[in-house]
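> Here you go, this is data11.txt (compact mmCIF, C-alpha atoms).
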# COMPACT_ATOMS: atom_id res chain seq x y z
CA MET A 1 86.58 90.20 139.84
CA PRO A 2 89.87 90.34 137.97
CA ILE A 3 90.76 93.95 138.77
CA ASP A 4 93.97 93.67 140.73
CA PRO A 5 96.44 96.54 141.23
CA ASN A 6 99.29 94.02 141.03
CA ALA A 7 98.21 92.36 137.78
CA ASP A 8 100.75 92.35 134.95
CA ILE A 9 98.09 93.48 132.46
CA GLU A 10 97.34 97.21 132.53
CA ILE A 11 94.40 98.74 130.66
CA THR A 12 93.79 102.49 130.41
CA GLY A 13 90.36 104.07 130.69
CA PHE A 14 88.89 107.53 131.24
CA VAL A 15 88.32 108.81 134.74
CA TRP A 16 85.18 110.61 133.54
CA VAL A 17 83.02 110.63 130.38
CA PRO A 18 79.57 112.12 129.74
CA ASP A 19 76.58 109.94 130.56
CA PHE A 20 75.83 108.95 126.94
CA ALA A 21 79.29 107.39 126.57
CA ARG A 22 79.25 105.38 129.82
CA GLY A 23 79.21 101.68 129.06
CA PHE A 24 80.42 102.33 125.52
CA VAL A 25 84.05 103.38 126.00
CA ARG A 26 86.21 100.82 124.29
CA ASP A 27 88.19 99.67 127.29
CA LEU A 28 85.03 97.60 127.78
CA ARG A 29 86.37 95.20 125.13
CA PRO A 30 89.69 94.20 126.75
CA ARG A 31 87.99 94.22 130.17
CA TRP A 32 85.46 91.73 128.80
CA ALA A 33 88.20 89.62 127.21
CA CYS A 34 90.09 89.47 130.53
CA GLU A 35 86.91 88.45 132.34
CA GLU A 36 86.23 85.64 129.85
CA ALA A 37 89.84 84.45 130.03
CA GLY A 38 90.04 84.72 133.81
CA LEU A 39 93.04 87.06 133.59
CA SER A 40 93.32 89.83 136.13
CA TYR A 41 94.18 93.37 135.07
CA ARG A 42 94.84 96.72 136.63
CA GLU A 43 93.22 99.98 135.53
CA ARG A 44 94.98 103.25 134.79
CA LEU A 45 92.47 106.08 134.52
CA LEU A 46 93.19 109.25 132.55
CA ASP A 47 91.45 112.57 132.08
CA PHE A 48 90.95 113.89 128.53
CA GLU A 49 93.79 116.41 128.77
CA THR A 50 96.33 113.76 129.78
CA ALA A 51 95.06 111.46 127.00
CA LYS A 52 95.64 114.17 124.39
CA GLY A 53 99.10 115.01 125.75
CA GLU A 54 102.45 114.14 124.22
CA ASP A 55 103.46 111.63 126.87
CA TYR A 56 100.42 109.44 126.46
CA ARG A 57 100.59 109.66 122.67
CA ARG A 58 103.77 107.65 122.83
CA GLU A 59 101.53 104.84 124.11
CA GLN A 60 98.40 105.69 122.11
CA PRO A 61 99.18 107.93 119.11
CA PHE A 62 95.52 108.95 118.66
CA GLY A 63 95.09 110.10 122.26
CA GLN A 64 92.35 107.59 123.01
CA VAL A 65 91.66 104.77 125.42
CA PRO A 66 92.33 101.93 125.87
CA ALA A 67 96.06 101.40 125.78
CA TYR A 68 97.43 98.09 127.02
CA ARG A 69 100.60 96.71 128.46
CA ASP A 70 101.73 93.47 130.04
CA ASP A 71 105.13 92.09 130.98
CA GLU A 72 106.16 91.71 127.35
CA VAL A 73 103.98 93.87 125.20
CA GLN A 74 102.70 97.44 124.73
CA MET A 75 99.79 98.00 122.41
CA PHE A 76 96.69 100.04 121.58
CA GLU A 77 93.51 99.41 119.55
CA SER A 78 90.86 97.47 121.44
CA GLY A 79 90.43 94.94 118.62
CA ALA A 80 94.13 94.12 118.57
CA MET A 81 94.33 93.75 122.34
CA VAL A 82 91.32 91.42 122.46
CA LEU A 83 93.10 89.21 119.89
CA HIS A 84 96.30 89.42 121.94
CA ILE A 85 94.48 88.47 125.16
CA ALA A 86 92.77 85.65 123.23
CA GLU A 87 96.16 84.16 122.42
CA ARG A 88 96.62 83.62 126.13
CA SER A 89 93.37 81.68 126.57
CA GLU A 90 91.46 78.90 124.86
CA ALA A 91 88.31 80.54 126.24
CA LEU A 92 88.54 83.07 123.41
CA MET A 93 90.29 81.35 120.51
CA PRO A 94 90.66 77.75 119.32
CA GLU A 95 94.19 76.34 119.14
CA ASP A 96 94.19 75.11 115.54
CA ARG A 97 95.35 77.33 112.68
CA ALA A 98 92.08 77.11 110.79
CA GLY A 99 90.03 78.15 113.82
CA ARG A 100 92.41 80.96 114.72
CA ALA A 101 92.22 82.35 111.20
CA ARG A 102 88.42 82.42 111.47
CA VAL A 103 88.54 84.42 114.70
CA LEU A 104 91.02 86.86 113.17
CA THR A 105 88.76 87.13 110.11
CA TRP A 106 85.66 87.97 112.12
CA VAL A 107 87.37 90.44 114.43
CA THR A 108 88.58 92.26 111.33
CA ALA A 109 85.16 92.04 109.68
CA ALA A 110 83.52 93.56 112.75
CA LEU A 111 86.05 96.41 112.83
CA ASN A 112 86.30 97.19 109.12
CA SER A 113 83.17 95.82 107.40
CA VAL A 114 80.49 96.47 110.02
CA GLU A 115 81.55 99.10 112.58
CA PRO A 116 82.23 101.92 110.07
CA PHE A 117 78.63 101.56 108.84
CA VAL A 118 77.30 101.54 112.39
CA PHE A 119 79.37 104.58 113.23
CA ASP A 120 78.02 106.46 110.19
CA LEU A 121 74.63 106.20 111.86
CA VAL A 122 75.86 107.03 115.37
CA ASN A 123 77.60 110.03 113.92
CA ILE A 124 74.25 111.37 112.74
CA ASP A 125 72.00 110.19 115.57
CA THR A 126 74.30 111.05 118.48
CA PHE A 127 76.78 113.67 117.33
CA ASN A 128 74.93 115.59 114.58
CA LYS A 129 71.29 115.25 115.59
CA ASP A 130 70.19 118.61 114.24
CA ALA A 131 72.45 118.93 111.20
CA GLU A 132 70.85 119.38 107.80
CA TRP A 133 73.41 117.09 106.14
CA GLY A 134 72.42 114.32 108.55
CA ARG A 135 68.75 114.65 107.67
CA LEU A 136 69.60 114.43 103.97
CA ARG A 137 72.10 111.60 104.41
CA ARG A 138 70.39 109.35 106.95
CA PRO A 139 68.20 107.25 104.59
CA GLN A 140 71.25 106.10 102.61
CA VAL A 141 73.22 105.39 105.80
CA ILE A 142 70.34 103.22 107.01
CA GLU A 143 70.23 101.43 103.66
CA ASN A 144 73.98 100.76 103.69
CA LEU A 145 73.89 99.48 107.26
CA ARG A 146 70.83 97.35 106.51
CA GLY A 147 72.86 95.65 103.77
CA ARG A 148 75.70 94.86 106.17
CA LEU A 149 73.35 93.58 108.87
CA ALA A 150 71.52 91.44 106.29
CA SER A 151 74.83 89.84 105.25
CA LEU A 152 75.78 89.23 108.86
CA SER A 153 72.33 87.84 109.66
CA GLY A 154 72.58 85.53 106.64
CA TRP A 155 75.91 84.19 107.88
CA LEU A 156 74.75 83.75 111.47
CA GLY A 157 71.53 81.91 110.61
CA ASP A 158 70.59 79.92 113.71
CA LYS A 159 74.15 79.62 114.99
CA HIS A 160 74.72 80.78 118.57
CA TYR A 161 78.05 82.45 117.85
CA LEU A 162 79.97 83.48 114.70
CA GLU A 163 82.24 80.42 114.69
CA GLY A 164 81.34 77.44 116.86
CA GLY A 165 81.67 78.42 120.52
CA PHE A 166 82.08 81.92 121.93
CA THR A 167 85.33 83.60 120.83
CA ALA A 168 87.11 86.95 120.74
CA ALA A 169 85.22 87.65 117.51
CA ASP A 170 81.92 87.71 119.42
CA ILE A 171 83.31 90.27 121.87
CA ILE A 172 84.05 92.66 119.04
CA MET A 173 80.93 91.96 116.97
CA ALA A 174 78.55 92.19 119.95
CA THR A 175 80.05 95.49 121.10
CA VAL A 176 79.67 96.79 117.53
CA LEU A 177 76.01 95.73 117.42
CA ARG A 178 75.40 97.45 120.77
CA GLU A 179 76.33 100.72 119.05
CA VAL A 180 73.52 100.54 116.45
CA SER A 181 71.41 103.59 117.28
CA ASP A 182 68.22 102.47 115.49
CA GLU A 183 66.51 99.59 117.29
CA ALA A 184 63.80 99.40 114.59
CA LEU A 185 66.53 98.56 112.10
CA MET A 186 68.02 95.93 114.42
CA ALA A 187 64.55 94.44 114.92
CA GLU A 188 64.48 93.57 111.22
CA PHE A 189 67.08 90.93 112.10
CA PRO A 190 65.78 88.90 115.07
CA ASN A 191 68.72 86.50 114.97
CA LEU A 192 71.14 89.42 115.38
CA VAL A 193 69.13 90.83 118.29
CA ALA A 194 69.15 87.39 119.94
CA TYR A 195 72.88 87.00 119.23
CA ARG A 196 73.70 90.38 120.74
CA GLU A 197 71.63 89.59 123.86
CA ARG A 198 73.23 86.13 124.12
CA CYS A 199 76.68 87.73 124.10
CA ILE A 200 76.01 90.59 126.47
CA GLY A 201 74.03 88.27 128.75
CA ARG A 202 77.27 86.48 129.64
CA PRO A 203 78.42 87.00 133.23
CA ALA A 204 81.84 88.14 131.99
CA PHE A 205 80.27 90.97 129.99
CA LYS A 206 78.25 92.09 132.99
CA ARG A 207 81.33 92.15 135.21
CA ALA A 208 83.27 94.14 132.60
CA MET A 209 80.42 96.62 132.27
CA GLN A 210 80.15 97.04 136.05
CA ALA A 211 83.88 97.61 136.26
CA GLN A 212 83.81 100.31 133.60
CA LEU A 213 80.83 102.07 135.14
CA ALA A 214 82.40 101.90 138.60
CA SER A 215 85.58 103.54 137.30
CA PHE A 216 83.96 106.88 136.41
CA ALA A 217 84.05 109.83 138.75
CA PRO A 218 80.62 111.46 139.11
CA GLU A 219 81.91 114.85 137.93
CA PRO A 220 84.57 115.91 135.38
CA VAL A 221 88.09 115.64 136.79
CA ALA A 222 90.81 118.14 135.96
CA ALA A 223 94.32 117.13 134.87
CA MET B 1 106.04 86.60 89.73
CA PRO B 2 104.30 84.46 92.34
CA ILE B 3 101.07 83.84 90.42
CA ASP B 4 101.00 80.08 89.95
CA PRO B 5 97.86 78.08 89.14
CA ASN B 6 99.17 75.26 91.34
CA ALA B 7 99.89 77.39 94.41
CA ASP B 8 98.20 76.34 97.65
CA ILE B 9 97.15 79.94 98.37
CA GLU B 10 94.09 81.10 96.45
CA ILE B 11 92.97 84.75 96.39
CA THR B 12 89.75 85.93 94.77
CA GLY B 13 89.46 89.11 92.71
CA PHE B 14 87.00 90.66 90.29
CA VAL B 15 87.21 89.84 86.61
CA TRP B 16 86.16 93.42 85.78
CA VAL B 17 85.72 96.70 87.70
CA PRO B 18 85.22 100.27 86.45
CA ASP B 19 88.36 102.27 85.68
CA PHE B 20 88.24 104.35 88.88
CA ALA B 21 88.48 101.20 91.02
CA ARG B 22 91.37 99.58 89.15
CA GLY B 23 94.41 99.42 91.37
CA PHE B 24 92.28 99.93 94.48
CA VAL B 25 90.41 96.64 94.83
CA ARG B 26 91.45 95.07 98.09
CA ASP B 27 92.90 91.85 96.72
CA LEU B 28 95.86 94.17 96.15
CA ARG B 29 96.69 93.77 99.85
CA PRO B 30 97.15 89.98 100.02
CA ARG B 31 98.80 90.02 96.57
CA TRP B 32 101.31 92.52 97.95
CA ALA B 33 101.84 90.46 101.11
CA CYS B 34 102.52 87.34 99.03
CA GLU B 35 104.99 89.25 96.87
CA GLU B 36 106.86 90.52 99.95
CA ALA B 37 106.88 87.06 101.51
CA GLY B 38 107.85 85.30 98.28
CA LEU B 39 104.79 83.04 98.49
CA SER B 40 103.09 82.09 95.26
CA TYR B 41 99.31 82.29 94.93
CA ARG B 42 96.66 81.51 92.39
CA GLU B 43 93.86 83.90 91.38
CA ARG B 44 90.18 83.10 91.18
CA LEU B 45 88.32 85.87 89.34
CA LEU B 46 84.61 86.50 89.89
CA ASP B 47 82.03 88.72 88.26
CA PHE B 48 79.79 90.86 90.50
CA GLU B 49 76.78 88.58 90.16
CA THR B 50 78.71 85.52 91.32
CA ALA B 51 80.20 87.51 94.21
CA LYS B 52 76.74 88.50 95.43
CA GLY B 53 75.40 84.94 95.09
CA GLU B 54 74.65 82.48 97.87
CA ASP B 55 77.48 80.09 97.08
CA TYR B 56 80.21 82.69 97.35
CA ARG B 57 78.68 84.20 100.47
CA ARG B 58 79.57 80.98 102.28
CA GLU B 59 83.18 82.07 101.67
CA GLN B 60 82.69 85.83 101.91
CA PRO B 61 79.46 86.75 103.73
CA PHE B 62 79.50 90.34 102.45
CA GLY B 63 79.81 89.33 98.78
CA GLN B 64 83.13 91.11 98.33
CA VAL B 65 86.68 90.29 97.29
CA PRO B 66 89.15 89.10 98.34
CA ALA B 67 88.48 85.73 99.89
CA TYR B 68 91.44 83.52 100.72
CA ARG B 69 92.18 79.87 101.18
CA ASP B 70 95.26 77.74 101.61
CA ASP B 71 95.76 74.08 102.54
CA GLU B 72 94.60 74.68 106.10
CA VAL B 73 92.60 77.85 106.26
CA GLN B 74 89.64 79.70 104.70
CA MET B 75 89.24 83.37 105.42
CA PHE B 76 88.09 86.76 104.20
CA GLU B 77 88.93 90.40 105.09
CA SER B 78 92.10 91.69 103.47
CA GLY B 79 93.54 92.92 106.78
CA ALA B 80 93.13 89.50 108.40
CA MET B 81 94.67 87.65 105.48
CA VAL B 82 97.70 89.97 105.38
CA LEU B 83 98.26 89.16 109.07
CA HIS B 84 97.80 85.47 108.34
CA ILE B 85 100.28 85.58 105.43
CA ALA B 86 102.66 87.53 107.68
CA GLU B 87 102.67 84.63 110.13
CA ARG B 88 104.29 82.57 107.40
CA SER B 89 107.14 85.01 106.78
CA GLU B 90 109.64 87.04 108.77
CA ALA B 91 109.58 89.49 105.85
CA LEU B 92 106.29 90.86 107.22
CA MET B 93 106.34 90.30 110.98
CA PRO B 94 109.04 89.97 113.63
CA GLU B 95 109.17 86.70 115.56
CA ASP B 96 109.06 88.06 119.10
CA ARG B 97 105.79 88.56 120.95
CA ALA B 98 106.33 92.27 121.54
CA GLY B 99 107.02 92.96 117.87
CA ARG B 100 104.11 90.84 116.70
CA ALA B 101 101.75 92.72 119.00
CA ARG B 102 102.91 96.01 117.48
CA VAL B 103 102.18 94.79 113.95
CA LEU B 104 98.74 93.58 115.02
CA THR B 105 98.15 96.95 116.70
CA TRP B 106 99.02 98.98 113.62
CA VAL B 107 97.07 96.81 111.21
CA THR B 108 94.05 97.31 113.44
CA ALA B 109 94.73 101.04 113.76
CA ALA B 110 94.89 101.41 109.97
CA LEU B 111 91.61 99.53 109.55
CA ASN B 112 89.61 100.99 112.42
CA SER B 113 91.20 104.32 113.40
CA VAL B 114 92.31 105.69 110.01
CA GLU B 115 90.51 104.03 107.09
CA PRO B 116 86.95 104.90 108.21
CA PHE B 117 87.94 108.57 108.21
CA VAL B 118 89.55 108.23 104.79
CA PHE B 119 86.49 106.46 103.48
CA ASP B 120 84.21 109.23 104.77
CA LEU B 121 86.01 111.52 102.34
CA VAL B 122 86.08 109.02 99.44
CA ASN B 123 82.39 108.52 99.97
CA ILE B 124 81.80 112.22 99.26
CA ASP B 125 84.50 112.82 96.62
CA THR B 126 83.99 109.66 94.58
CA PHE B 127 80.52 108.31 95.26
CA ASN B 128 78.47 111.42 96.13
CA LYS B 129 80.19 114.18 94.22
CA ASP B 130 77.06 116.21 93.54
CA ALA B 131 75.11 115.53 96.72
CA GLU B 132 74.06 118.49 98.82
CA TRP B 133 74.76 116.60 102.06
CA GLY B 134 78.34 116.05 100.91
CA ARG B 135 78.84 119.75 100.25
CA LEU B 136 77.55 120.56 103.75
CA ARG B 137 79.47 117.73 105.42
CA ARG B 138 82.85 117.85 103.69
CA PRO B 139 84.59 120.52 105.83
CA GLN B 140 84.03 118.48 109.01
CA VAL B 141 85.15 115.26 107.30
CA ILE B 142 88.36 116.99 106.25
CA GLU B 143 88.84 118.27 109.80
CA ASN B 144 88.33 114.81 111.32
CA LEU B 145 90.69 113.17 108.84
CA ARG B 146 93.26 115.93 109.36
CA GLY B 147 93.25 115.05 113.05
CA ARG B 148 93.90 111.38 112.34
CA LEU B 149 96.67 112.14 109.83
CA ALA B 150 98.26 114.57 112.30
CA SER B 151 98.34 111.84 114.96
CA LEU B 152 99.82 109.36 112.50
CA SER B 153 102.35 111.91 111.28
CA GLY B 154 103.33 112.63 114.88
CA TRP B 155 103.95 108.95 115.53
CA LEU B 156 105.88 108.38 112.32
CA GLY B 157 108.21 111.37 112.75
CA ASP B 158 111.30 110.59 110.70
CA LYS B 159 110.92 106.81 110.94
CA HIS B 160 110.90 104.96 107.63
CA TYR B 161 108.17 102.53 108.64
CA LEU B 162 105.63 102.30 111.46
CA GLU B 163 107.65 99.86 113.57
CA GLY B 164 111.32 99.30 112.70
CA GLY B 165 111.56 97.57 109.33
CA PHE B 166 108.79 97.10 106.79
CA THR B 167 105.95 94.92 108.09
CA ALA B 168 102.39 93.83 107.31
CA ALA B 169 101.25 97.01 109.09
CA ASP B 170 102.83 99.15 106.37
CA ILE B 171 100.96 97.22 103.67
CA ILE B 172 97.66 98.10 105.27
CA MET B 173 98.52 101.67 106.25
CA ALA B 174 100.04 102.55 102.86
CA THR B 175 97.01 101.19 101.00
CA VAL B 176 94.78 103.24 103.30
CA LEU B 177 96.80 106.41 102.62
CA ARG B 178 96.58 105.77 98.85
CA GLU B 179 92.80 106.14 99.22
CA VAL B 180 92.93 109.72 100.55
CA SER B 181 91.12 111.69 97.84
CA ASP B 182 92.50 115.14 98.75
CA GLU B 183 96.19 115.48 97.91
CA ALA B 184 96.29 119.01 99.34
CA LEU B 185 95.36 117.54 102.70
CA MET B 186 98.03 114.86 102.39
CA ALA B 187 100.58 117.52 101.43
CA GLU B 188 100.15 119.05 104.89
CA PHE B 189 102.01 115.97 106.15
CA PRO B 190 105.20 115.57 104.09
CA ASN B 191 106.43 112.65 106.19
CA LEU B 192 103.22 110.73 105.41
CA VAL B 193 103.53 111.46 101.69
CA ALA B 194 107.14 110.26 101.77
CA TYR B 195 106.15 107.18 103.79
CA ARG B 196 103.39 106.26 101.34
CA GLU B 197 105.76 106.67 98.38
CA ARG B 198 108.45 104.65 100.17
CA CYS B 199 105.98 101.80 100.67
CA ILE B 200 104.42 101.79 97.22
CA GLY B 201 107.84 102.25 95.63
CA ARG B 202 108.75 98.73 96.75
CA PRO B 203 109.16 96.23 93.90
CA ALA B 204 106.68 93.87 95.60
CA PHE B 205 103.96 96.53 95.53
CA LYS B 206 104.58 97.21 91.86
CA ARG B 207 104.33 93.52 91.00
CA ALA B 208 101.10 93.19 92.99
CA MET B 209 99.63 96.22 91.26
CA GLN B 210 100.61 94.92 87.81
CA ALA B 211 99.04 91.56 88.64
CA GLN B 212 95.77 93.16 89.69
CA LEU B 213 95.61 95.40 86.63
CA ALA B 214 96.45 92.50 84.34
CA SER B 215 93.60 90.44 85.79
CA PHE B 216 90.82 92.75 84.57
CA ALA B 217 88.95 92.07 81.35
CA PRO B 218 88.65 95.21 79.20
CA GLU B 219 84.84 95.04 79.15
CA PRO B 220 82.24 93.90 81.73
CA VAL B 221 81.92 90.10 81.84
CA ALA B 222 78.57 88.39 82.38
CA ALA B 223 78.06 85.57 84.87
Have the structure of the file written as structure tokens, please.


Amino acid sequence: MPIDPNADIEITGFVWVPDFARGFVRDLRPRWACEEAGLSYRERLLDFETAKGEDYRREQPFGQVPAYRDDEVQMFESGAMVLHIAERSEALMPEDRAGRARVLTWVTAALNSVEPFVFDLVNIDTFNKDAEWGRLRRPQVIENLRGRLASLSGWLGDKHYLEGGFTAADIIMATVLREVSDEALMAEFPNLVAYRERCIGRPAFKRAMQAQLASFAPEPVAA
Amino acid sequence: MPIDPNADIEITGFVWVPDFARGFVRDLRPRWACEEAGLSYRERLLDFETAKGEDYRREQPFGQVPAYRDDEVQMFESGAMVLHIAERSEALMPEDRAGRARVLTWVTAALNSVEPFVFDLVNIDTFNKDAEWGRLRRPQVIENLRGRLASLSGWLGDKHYLEGGFTAADIIMATVLREVSDEALMAEFPNLVAYRERCIGRPAFKRAMQAQLASFAPEPVAA
């Protein structure tokens, strides 16, 4: 297990979140990247009030987790930190320019061309379950997301990962696909279901998930 | 002007789009990056049918523009290609690891923590003007976007750019802020309005914009 209080890499997480969010908070991504790369990290756990406070916003201007630091670098945004961690390890990114550009491309595609469509659906199914606008809007959101998943499925074909072997891009894309809140829609794309399971079946993912789940206090914690 | 039919960098764009999209198609981003970096590029213009076709989807799986290639690399996603172009020029990215990580962080923040909230509003104001769900939903979309802009405004303070001098991150963030379809909301954050104007007032932006506008045929073009 790479959690080590003396590690140079520090990743922030929440000390408590509601049950529905457990296993989905985005510090999962850099935890997973560290596990794949064999890099140890230390946790710094925050309550919501601290995360929204002025001090922490100097590290993470949106008051969210994760934030990241190592001996040289301070950053936020889980996608960016996974790319940064990948630069320290061939386990997550090839060394040649062409291969690196492909990983960067697919991380960005997951974050900007797929996740916003997934989140449109989560926003209805999880956060606005009983809203009239959601009932009216949902069919079009499904249709838009279906289009994105069809494009992704067409690219993936029978490949095991997005680009050759497993890379940082698969960490981001698989965590995005885990967020899809309509399994019937996912089931229309068996190669994407298999891809997602292949990614989250990796021992490094399981260790990262266990570490996130183990970090939560059972009850809300005050500042 | 860095458009040169013999350039090693190729960027795809559309040969025609409706008036409301002119000046907002995302090939603007790599065009702008090339202008800042002083790198010449060649255009390859596509009609919608070609972009949605199987051949082009091998380059751009979502059937969109821009796609990018140079002597070594093939990629898509405007955010990724701006980062890639930035690696070729100190004009867009500092050389030290800490500074590079900050640019990567802010590009990702613009794409994943700001643009989806901007696009939620565009989606109502531009693409679903008369929809009942949009009328019901809009106040919450404004509230969510206001929160993101407030965080960004708090970070920016009286700085001229996101991180020291102008970088690739400002290309992405300024193009995201140009998409906000409610100027009254933007006006609540004078430092963001000034920042956006500072960025798009740069000669390189103006040249990129002129180049995109000049590329469009006056009438739709068939395949």

> Hey, what's within 9 Å of B:Thr12 if we count only C-alpha atoms and toss same-chain stuff fewer than 5 positions away? As a list in words, please?

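Surrounding residues, per the criterion: Asp27, Arg42, Glu43, Arg44, Leu45, Leu46, Val65, Pro66, Ala67 and Tyr68 of chain B.
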
> May I ask you to extract the residues of chain A within 6 Å of chain B, using only C-alpha atoms, and to give them as number ranges by chain?

A: 61-62, 72-73, 76-77, 80, 98, 104-105, 111-112, 116, 133, 136, 151

> Box in all listed atoms of stretch 106-120 of chain A, axis-aligned, with 5 Å more on each side; write out centre and edge lengths in Å to one decimal as AutoDock Vina command-line options.


--center_x 82.9 --center_y 97.2 --center_z 110.9 --size_x 21.3 --size_y 28.5 --size_z 17.0

> I need the residue nearest A:Phe20 from this list: A:Val82, A:Val122, A:Ala174, A:Ala211. Use all atoms listed in the file for the distance.

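Of A:Val82, A:Val122, A:Ala174, A:Ala211, the one nearest A:Phe20 is A:Val122, counting all atoms listed in the file.
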
> Using all atoms listed in the file, can you tell me which of A:Ala204, A:Ala194, A:Thr167, A:Ile124 comes closest to A:Asp182?

A:Ile124

> So how far away is atom CA of A:Ala7 from atom CA of A:Ser40, in Å?

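Taking atom CA of A:Ser40 as the start and atom CA of A:Ala7 as the end point, the length is 5.7 Å.
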
> Quick one: everything within 12 Å of stretch 217-220 of chain B, counting only C-alpha atoms, minus sequence neighbours fewer than 6 positions away in the same chain. Send it as number ranges by chain.

B: 13-19, 22, 45-49

> When you count all atoms listed in the file, which of these residues is closest to A:Cys34: A:Glu197, A:Pro5, A:Arg88, A:Gly53?

A:Arg88

> So how far away is atom CA of A:Asp8 from atom CA of A:Ser215, in Å?

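Calculated distance between atom CA of A:Ser215 and atom CA of A:Asp8 is 19.0 Å.
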
> Could you jot down the atom CA of B:Cys199 to atom CA of B:Met173 separation for me, Å, one decimal place?

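Atom CA of B:Met173 lies 9.3 Å from atom CA of B:Cys199.
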
> Between B:Ile85, B:Ile9, B:Ile3, B:Ser181, which residue has the minimum interatomic distance to B:Asn123, considering all atoms listed in the file?

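Using all atoms listed in the file, B:Asn123 sits closest to B:Ser181.
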